[in-house]
>>> print(open('target02.cif').read())   # mmCIF, C-alpha atoms
data_query
#
loop_
_atom_site.label_atom_id
_atom_site.label_comp_id
_atom_site.auth_asym_id
_atom_site.auth_seq_id
_atom_site.Cartn_x
_atom_site.Cartn_y
_atom_site.Cartn_z
CA MET U 266 -1.45 -11.07 0.82
CA ILE U 267 -4.50 -9.17 -0.41
CA LEU U 268 -6.45 -12.32 -1.28
CA PHE U 269 -5.28 -13.94 1.97
CA ASN U 270 -6.58 -11.06 4.10
CA LYS U 271 -9.82 -10.87 2.11
CA ALA U 272 -10.39 -14.59 2.67
CA VAL U 273 -9.71 -14.29 6.42
CA MET U 274 -12.01 -11.30 6.91
CA SER U 275 -14.85 -12.20 4.54
CA THR U 276 -14.83 -15.91 3.71
CA LEU U 277 -13.82 -16.98 7.24
CA ASP U 278 -16.03 -14.28 8.80
CA PHE U 279 -13.27 -12.55 10.78
CA PRO U 280 -13.87 -8.80 10.13
CA PHE U 281 -11.08 -7.48 12.35
CA PRO U 282 -8.52 -5.70 10.14
CA MET U 283 -6.90 -3.86 13.04
CA PHE U 284 -6.15 -7.12 14.79
CA LEU U 285 -4.60 -8.53 11.61
CA THR U 286 -2.41 -5.50 10.97
CA THR U 287 -1.37 -5.28 14.63
CA TRP U 288 -0.35 -8.93 14.45
CA HIS U 289 1.63 -8.32 11.26
CA MET U 290 3.57 -5.42 12.78
CA VAL U 291 4.19 -7.18 16.12
CA LEU U 292 5.60 -10.18 14.24
CA ALA U 293 7.76 -7.86 12.11
CA THR U 294 9.04 -6.20 15.30
CA VAL U 295 9.91 -9.52 16.92
CA MET U 296 11.58 -10.90 13.77
CA THR U 297 13.73 -7.82 13.14
CA GLN U 298 14.74 -7.68 16.81
CA LEU U 299 15.82 -11.33 16.68
CA LEU U 300 17.69 -10.85 13.39
CA SER U 301 19.52 -7.80 14.73
CA ARG U 302 20.83 -9.86 17.66
CA THR U 303 21.68 -13.09 15.84
CA THR U 304 22.77 -12.03 12.33
CA ASN U 305 24.58 -9.30 10.39
CA LEU U 306 21.57 -8.58 8.17
CA LEU U 307 20.84 -5.19 9.75
CA PRO U 308 24.06 -3.16 9.34
CA ALA U 309 22.38 0.22 9.83
CA VAL U 310 21.16 -0.89 13.27
CA ALA U 311 24.66 -2.02 14.23
CA GLU U 312 26.07 1.31 13.03
CA LYS U 313 23.37 3.21 14.96
CA LYS U 314 22.50 5.44 12.01
CA VAL U 315 19.16 6.42 13.54
CA ASP U 316 19.19 8.76 16.51
CA THR U 317 16.37 10.30 18.54
CA THR U 318 15.98 13.23 16.16
CA VAL U 319 15.56 10.93 13.14
CA LEU U 320 13.08 8.81 15.08
CA GLN U 321 10.96 11.84 15.90
CA THR U 322 11.13 13.68 12.58
CA GLN U 323 11.31 10.87 10.00
CA ILE U 324 10.53 7.42 11.45
CA PHE U 325 7.50 8.69 13.37
CA PRO U 326 5.58 10.10 10.34
CA VAL U 327 6.45 7.09 8.15
CA SER U 328 5.17 4.74 10.86
CA LEU U 329 2.00 6.78 11.35
CA PHE U 330 1.13 6.88 7.63
CA PHE U 331 1.98 3.17 7.34
CA ALA U 332 -0.38 2.33 10.20
CA VAL U 333 -3.20 4.42 8.74
CA SER U 334 -2.69 2.87 5.30
CA LEU U 335 -2.71 -0.69 6.63
CA VAL U 336 -5.79 -0.26 8.81
CA LEU U 337 -7.92 1.62 6.29
CA SER U 338 -6.98 -0.52 3.28
CA ASN U 339 -7.81 -3.71 5.19
CA LYS U 340 -11.01 -2.12 6.50
CA ALA U 341 -12.08 -1.38 2.92
CA TYR U 342 -12.07 -5.11 2.09
CA ILE U 343 -15.04 -5.58 4.40
CA TYR U 344 -17.16 -3.24 2.25
CA LEU U 345 -15.71 -3.49 -1.27
CA SER U 346 -14.74 -6.27 -3.66
CA VAL U 347 -11.07 -7.04 -4.30
CA SER U 348 -11.49 -6.23 -7.99
CA TYR U 349 -12.94 -2.75 -7.34
CA ILE U 350 -10.30 -1.93 -4.73
CA GLN U 351 -7.54 -2.82 -7.19
CA MET U 352 -9.16 -0.56 -9.76
CA LEU U 353 -9.20 2.30 -7.23
CA LYS U 354 -5.53 1.66 -6.50
CA ALA U 355 -4.76 2.73 -10.07
CA PHE U 356 -4.95 6.24 -8.60
CA THR U 357 -2.03 5.56 -6.22
CA PRO U 358 0.70 6.62 -8.71
CA VAL U 359 -1.14 9.91 -9.17
CA ALA U 360 -1.15 10.49 -5.41
CA VAL U 361 2.54 9.54 -5.23
CA LEU U 362 3.31 11.96 -8.07
CA ILE U 363 1.45 14.79 -6.33
CA PHE U 364 3.23 14.24 -3.02
CA SER U 365 6.60 13.79 -4.76
CA PHE U 366 6.03 17.09 -6.57
CA LEU U 367 5.12 18.86 -3.31
CA MET U 368 8.25 17.43 -1.65
CA GLY U 369 10.46 18.50 -4.54
CA LEU U 370 11.30 14.95 -5.60
CA GLU U 371 9.59 15.09 -9.00
CA LYS U 372 9.28 17.80 -11.63
CA SER U 373 5.92 18.05 -13.33
CA SER U 374 4.77 19.34 -16.73
CA TRP U 375 1.59 19.93 -18.73
CA ASN U 376 2.09 16.60 -20.49
CA GLU U 377 2.24 14.83 -17.16
CA LEU U 378 -0.93 16.65 -16.12
CA TYR U 379 -2.72 15.33 -19.22
CA ILE U 380 -1.67 11.78 -18.30
CA VAL U 381 -2.89 12.25 -14.73
CA VAL U 382 -6.28 13.40 -16.05
CA VAL U 383 -6.53 10.22 -18.16
CA ILE U 384 -5.85 8.06 -15.08
CA CYS U 385 -8.38 9.99 -12.99
CA VAL U 386 -11.08 9.66 -15.67
CA GLY U 387 -10.46 5.91 -15.85
CA VAL U 388 -10.70 5.49 -12.07
CA ALA U 389 -13.88 7.59 -11.99
CA MET U 390 -15.44 5.31 -14.61
CA THR U 391 -14.65 2.21 -12.54
CA SER U 392 -16.49 3.81 -9.60
CA ALA U 393 -19.49 4.74 -11.75
CA GLY U 394 -19.76 1.15 -12.96
CA GLU U 395 -19.43 -0.54 -9.57
CA LEU U 396 -22.53 -2.62 -8.81
CA GLN U 397 -21.77 -3.09 -5.10
CA PHE U 398 -20.58 0.45 -4.37
CA SER U 399 -20.22 1.39 -0.72
CA MET U 400 -19.46 5.00 0.20
CA THR U 401 -17.99 3.84 3.50
CA GLY U 402 -15.60 1.46 1.75
CA PHE U 403 -14.79 4.10 -0.89
CA VAL U 404 -13.84 6.65 1.78
CA PHE U 405 -11.72 4.08 3.63
CA GLN U 406 -9.85 3.10 0.45
CA SER U 407 -9.40 6.69 -0.73
CA ALA U 408 -7.94 7.71 2.62
CA ALA U 409 -5.73 4.61 2.55
CA ILE U 410 -4.38 5.61 -0.88
CA VAL U 411 -3.48 9.10 0.40
CA ALA U 412 -1.76 7.61 3.46
CA GLU U 413 0.07 5.01 1.36
CA ALA U 414 1.30 7.64 -1.11
CA SER U 415 2.58 9.76 1.77
CA ARG U 416 4.26 6.74 3.32
CA LEU U 417 5.97 5.73 0.06
CA VAL U 418 7.34 9.20 -0.58
CA LEU U 419 8.58 9.65 2.99
CA THR U 420 10.11 6.15 2.99
CA ASN U 421 11.91 6.95 -0.25
CA ILE U 422 13.38 10.09 1.34
CA LEU U 423 14.32 8.20 4.50
CA LEU U 424 16.10 5.37 2.70
CA LYS U 425 17.98 7.64 0.31
CA GLN U 426 19.11 10.14 2.96
CA LEU U 427 20.16 7.67 5.65
CA LYS U 428 21.04 4.81 3.30
CA LEU U 429 19.16 2.35 5.47
CA ASP U 430 19.04 -1.29 4.41
CA PRO U 431 15.53 -2.81 4.08
CA LEU U 432 15.54 -4.84 7.30
CA SER U 433 16.96 -1.96 9.35
CA SER U 434 14.21 0.37 8.16
CA LEU U 435 11.61 -2.21 9.15
CA TYR U 436 13.40 -2.62 12.51
CA TYR U 437 12.70 1.04 13.30
CA ILE U 438 9.31 1.45 11.64
CA ALA U 439 7.54 -1.74 12.83
CA PRO U 440 7.52 -1.02 16.62
CA MET U 441 6.00 2.47 16.22
CA CYS U 442 3.55 1.19 13.65
CA SER U 443 2.52 -1.61 16.03
CA VAL U 444 1.75 0.90 18.76
CA PHE U 445 -0.36 3.12 16.48
CA ILE U 446 -2.44 0.23 15.16
CA ALA U 447 -2.73 -1.41 18.59
CA ILE U 448 -4.29 1.76 20.01
CA ALA U 449 -6.98 1.65 17.32
CA PHE U 450 -7.39 -2.11 17.79
CA PHE U 451 -8.04 -1.87 21.54
CA ALA U 452 -10.36 1.09 21.03
CA PHE U 453 -12.55 -0.39 18.27
CA GLU U 454 -12.15 -4.17 18.01
CA TYR U 455 -10.87 -5.80 21.19
CA ASP U 456 -14.25 -6.23 22.90
CA SER U 457 -15.76 -7.95 19.84
CA LEU U 458 -13.06 -10.54 19.15
CA PRO U 459 -14.29 -14.18 18.87
CA TRP U 460 -11.87 -15.70 21.38
CA ASP U 461 -13.34 -19.21 21.05
CA THR U 462 -12.31 -19.27 17.40
CA MET U 463 -8.98 -17.51 17.91
CA LEU U 464 -7.74 -19.95 20.54
CA THR U 465 -8.04 -22.99 18.27
CA PRO U 466 -4.88 -24.59 16.75
CA ASN U 467 -6.20 -24.10 13.21
CA PHE U 468 -6.64 -20.36 13.68
CA ALA U 469 -3.21 -20.02 15.32
CA GLY U 470 -1.59 -21.84 12.39
CA LEU U 471 -3.46 -19.65 9.93
CA MET U 472 -2.23 -16.49 11.69
CA LEU U 473 1.38 -17.73 11.65
CA ILE U 474 1.23 -18.25 7.89
CA ASN U 475 -0.57 -14.95 7.37
CA GLY U 476 2.02 -13.10 9.45
CA ALA U 477 4.93 -14.74 7.63
CA VAL U 478 3.51 -13.68 4.27
CA ALA U 479 2.99 -10.12 5.53
CA PHE U 480 6.57 -9.97 6.89
CA SER U 481 7.98 -11.16 3.57
CA LEU U 482 5.89 -8.58 1.71
CA ASN U 483 7.09 -5.73 3.94
CA ILE U 484 10.72 -6.64 3.27
CA ALA U 485 10.12 -6.93 -0.47
CA VAL U 486 8.43 -3.50 -0.65
CA VAL U 487 11.18 -1.73 1.28
CA MET U 488 13.87 -3.45 -0.81
CA LEU U 489 12.21 -2.28 -4.02
CA ILE U 490 11.87 1.31 -2.79
CA SER U 491 15.49 1.40 -1.59
CA ASN U 492 16.75 0.31 -5.01
CA THR U 493 14.36 2.37 -7.16
CA SER U 494 11.76 4.95 -6.14
CA ALA U 495 8.27 5.16 -4.68
CA LEU U 496 6.83 5.89 -8.13
CA THR U 497 8.54 2.85 -9.65
CA LEU U 498 7.01 0.66 -6.96
CA THR U 499 3.49 1.80 -7.75
CA LEU U 500 3.98 1.44 -11.49
CA ALA U 501 5.46 -2.04 -11.02
CA GLY U 502 2.23 -3.03 -9.33
CA ILE U 503 0.16 -2.63 -12.52
CA PHE U 504 0.53 -6.27 -13.53
CA LYS U 505 -0.17 -7.37 -9.97
CA ASP U 506 -3.39 -5.34 -9.91
CA ILE U 507 -4.59 -6.80 -13.22
CA LEU U 508 -3.91 -10.29 -11.92
CA LEU U 509 -5.74 -9.56 -8.67
CA VAL U 510 -8.80 -8.29 -10.54
CA ALA U 511 -8.87 -11.52 -12.55
CA LEU U 512 -8.37 -13.69 -9.45
CA SER U 513 -11.04 -11.77 -7.55
CA VAL U 514 -13.56 -12.49 -10.28
CA ALA U 515 -12.51 -16.15 -10.41
CA VAL U 516 -12.19 -16.85 -6.67
CA PHE U 517 -14.75 -14.52 -5.05
CA GLN U 518 -17.11 -14.19 -8.07
CA SER U 519 -16.88 -10.40 -7.78
CA PRO U 520 -19.13 -8.79 -10.40
CA VAL U 521 -17.33 -6.55 -12.90
CA THR U 522 -19.25 -4.42 -15.42
CA MET U 523 -18.18 -3.44 -18.93
CA LEU U 524 -17.97 0.20 -17.82
CA GLN U 525 -15.54 -0.80 -15.08
CA LEU U 526 -13.41 -2.82 -17.48
CA PHE U 527 -13.32 0.08 -19.93
CA GLY U 528 -12.51 2.57 -17.16
CA TYR U 529 -9.77 0.34 -15.77
CA SER U 530 -8.35 -0.04 -19.28
CA VAL U 531 -8.26 3.75 -19.63
CA ALA U 532 -6.49 4.04 -16.25
CA LEU U 533 -3.95 1.38 -17.27
CA VAL U 534 -3.27 3.22 -20.53
CA GLY U 535 -2.60 6.34 -18.46
CA LEU U 536 -0.31 4.44 -16.08
CA ASN U 537 1.69 2.97 -18.94
CA LEU U 538 1.90 6.37 -20.62
CA HIS U 539 3.30 7.80 -17.41
CA LYS U 540 5.80 4.96 -17.14
CA GLU U 541 6.98 5.66 -20.71
CA TYR U 542 7.03 9.40 -20.01
CA LYS U 543 9.52 8.86 -17.20
CA LYS U 544 11.80 6.91 -19.56
CA ASN U 545 11.34 8.94 -22.74
CA PRO U 546 9.47 12.24 -22.16
CA GLU U 547 10.13 13.59 -25.68
CA ARG U 548 8.54 10.58 -27.35
CA VAL U 549 5.42 10.68 -25.18
CA ALA U 550 5.19 14.45 -25.59
CA GLU U 551 5.07 13.98 -29.37
CA LEU U 552 2.40 11.30 -29.00
CA LEU U 553 0.26 13.57 -26.82
CA LYS U 554 0.75 16.42 -29.28
CA CYS U 555 -0.58 14.22 -32.09
CA CYS U 556 -3.56 13.20 -29.94
CA ARG U 557 -4.36 16.88 -29.35
CA GLY U 558 -4.31 17.50 -33.08
CA GLY U 559 -0.84 18.95 -33.26
CA THR U 560 -1.61 21.98 -31.11
#
>>> encode(input="target02.cif", output="structure tokens")
Amino acid sequence: MILFNKAVMSTLDFPFPMFLTTWHMVLATVMTQLLSRTTNLLPAVAEKKVDTTVLQTQIFPVSLFFAVSLVLSNKAYIYLSVSYIQMLKAFTPVAVLIFSFLMGLEKSSWNELYIVVVICVGVAMTSAGELQFSMTGFVFQSAAIVAEASRLVLTNILLKQLKLDPLSSLYYIAPMCSVFIAIAFFAFEYDSLPWDTMLTPNFAGLMLINGAVAFSLNIAVVMLISNTSALTLTLAGIFKDILLVALSVAVFQSPVTMLQLFGYSVALVGLNLHKEYKKNPERVAELLKCCRGGT
């Protein structure tokens, strides 16, 4: 999905991320509405588990953060390379951890703080080594990471408390998200759209494929969160991020410096340490103690 969107916006010269994300959410809304009326794949919708209060207090903020995350992360691809963005995303588990701690979902410790510092140092090194650094893109991506972390934590709470199935959660979130992104789209992009290109059969076919991939991804993400946790989702993306960095270099010829590779390696070491810490905190604590010289 990331490479697909990057190709559409940069390679095909269609720099309209708000249009793309609006389209993704509108398609998700239509598909979940159809599925709710023709199948039994959305049991929570049939049972009417979500009332007006839940919509206002839980669905609304999740949808808002989701919309902000989608728009800003796609906007960042106009200014930054795919490889650098994936390196910045190594900070996402840290943001998720911070929000989870503030929400009372995770307990922290000094050892965990040390690991977080390692990740932050690694991400900082990737930024220092970026040859095509753009402050605008950096701000967009940083804000997107904060919004995405908030969305993941709130989604985790929503799914666990209400026991919503993946498609039902998307059924409720997609319409609100569509409205939020559409407002931004009409305010900032509508007047500049290249309608001559958009009304061609080739572009319409491309958008159908792009939307189908985005819909599949949304379902997969919600399914993973519902069966694990927001933190597990971000940690599971480590391999995906490494692969995307490699593909970005191969497909888009994105320049990557040795400092960036070293910084990203440091961040990945931190991410893996944190993953092990969640499974075996005593073992990692001993390792960190040895690294600090037994103090």
>>> resolve_selection(input="target02.cif", expression="the PyMOL selection byres ((chain U and resi 542) around 12)", output="PyMOL selection string")
chain U and resi 373-381+535-541+543-553
>>> atom_distance(input="target02.cif", atom1="CA of Phe450 in chain U", atom2="CA of Thr322 in chain U")
24.9 Å
>>> atom_distance(input="target02.cif", atom1="CA of Ile422 in chain U", atom2="CA of Phe366 in chain U")
12.9 Å
>>> residues_near_point(input="target02.cif", point="(-12.8, -0.9, 9.2)", cutoff="8 Å", atoms="all atoms listed in the file", output="list in words")
Phe281, Pro282, Met283, Val336, Leu337, Asn339, Lys340, Ala341, Ile343 and Phe405 of chain U
>>> closest_atom_pairs(input="target02.cif", of="range 405-448 of chain U", to="range 294-313 of chain U", cutoff="9 Å", atoms="all atoms listed in the file", output="JSON lines")
{"residue": "U:Leu427", "atom": "CA", "partner": "U:Ala309", "partner_atom": "CA", "distance": 8.8}
{"residue": "U:Lys428", "atom": "CA", "partner": "U:Ala309", "partner_atom": "CA", "distance": 8.1}
{"residue": "U:Leu429", "atom": "CA", "partner": "U:Ala309", "partner_atom": "CA", "distance": 5.8}
{"residue": "U:Asp430", "atom": "CA", "partner": "U:Ala309", "partner_atom": "CA", "distance": 6.5}
{"residue": "U:Pro431", "atom": "CA", "partner": "U:Leu307", "partner_atom": "CA", "distance": 8.1}
{"residue": "U:Leu432", "atom": "CA", "partner": "U:Leu307", "partner_atom": "CA", "distance": 5.8}
{"residue": "U:Ser433", "atom": "CA", "partner": "U:Leu307", "partner_atom": "CA", "distance": 5.1}
{"residue": "U:Ser434", "atom": "CA", "partner": "U:Ala309", "partner_atom": "CA", "distance": 8.3}
{"residue": "U:Leu435", "atom": "CA", "partner": "U:Thr297", "partner_atom": "CA", "distance": 7.2}
{"residue": "U:Tyr436", "atom": "CA", "partner": "U:Thr297", "partner_atom": "CA", "distance": 5.2}
{"residue": "U:Tyr437", "atom": "CA", "partner": "U:Thr294", "partner_atom": "CA", "distance": 8.4}
{"residue": "U:Ile438", "atom": "CA", "partner": "U:Thr294", "partner_atom": "CA", "distance": 8.5}
{"residue": "U:Ala439", "atom": "CA", "partner": "U:Thr294", "partner_atom": "CA", "distance": 5.3}
{"residue": "U:Pro440", "atom": "CA", "partner": "U:Thr294", "partner_atom": "CA", "distance": 5.6}
{"residue": "U:Ser443", "atom": "CA", "partner": "U:Thr294", "partner_atom": "CA", "distance": 8.0}
>>> residues_near_point(input="target02.cif", point="(-15.6, 5.2, -13.9)", cutoff="10 Å", atoms="only C-alpha atoms", output="MDAnalysis selection string")
chainID U and resid 352:353 385:395 524:529 531:532
>>> residues_around(input="target02.cif", residues="Met441 in chain U", least_positions_apart="5", cutoff="10 Å", atoms="all atoms listed in the file", output="ChimeraX atom specification")
/U:290-291,294,320,324-329,331-332,436,446-447
>>> resolve_selection(input="target02.cif", expression="the PyMOL selection byres ((chain U and resi 475) around 9)", output="VMD selection string")
chain U and resid 266 269 to 270 285 289 470 to 474 476 to 480
>>> resolve_selection(input="target02.cif", expression="the PyMOL selection byres ((chain U and resi 406-408) around 10)", output="ChimeraX atom specification")
/U:333-334,336-342,344-345,350-351,353-354,356-357,400-405,409-414
>>> atom_distance(input="target02.cif", atom1="CA of Thr286 in chain U", atom2="CA of Leu335 in chain U")
6.5 Å
>>> residues_around(input="target02.cif", residues="Val514 in chain U", least_positions_apart="5", cutoff="9 Å", atoms="only C-alpha atoms", output="PyMOL selection string")
chain U and resi 347-348+509+519-521
>>> write_last_selection(input="target02.cif", atoms="C-alpha atoms", output="mmCIF file, in the coordinates of the input")
data_model
loop_
_atom_site.group_PDB
_atom_site.id
_atom_site.type_symbol
_atom_site.label_atom_id
_atom_site.label_comp_id
_atom_site.auth_asym_id
_atom_site.auth_seq_id
_atom_site.Cartn_x
_atom_site.Cartn_y
_atom_site.Cartn_z
ATOM 1 C CA VAL U 347 -11.070 -7.040 -4.300
ATOM 2 C CA SER U 348 -11.490 -6.230 -7.990
ATOM 3 C CA LEU U 509 -5.740 -9.560 -8.670
ATOM 4 C CA SER U 519 -16.880 -10.400 -7.780
ATOM 5 C CA PRO U 520 -19.130 -8.790 -10.400
ATOM 6 C CA VAL U 521 -17.330 -6.550 -12.900
#
>>> axis_aligned_box(input="target02.cif", around="range 278-285 of chain U", padding_each_side="6 Å", output="JSON")
{"center_x": -10.3, "center_y": -9.1, "center_z": 11.8, "size_x": 23.4, "size_y": 22.4, "size_z": 18.0}
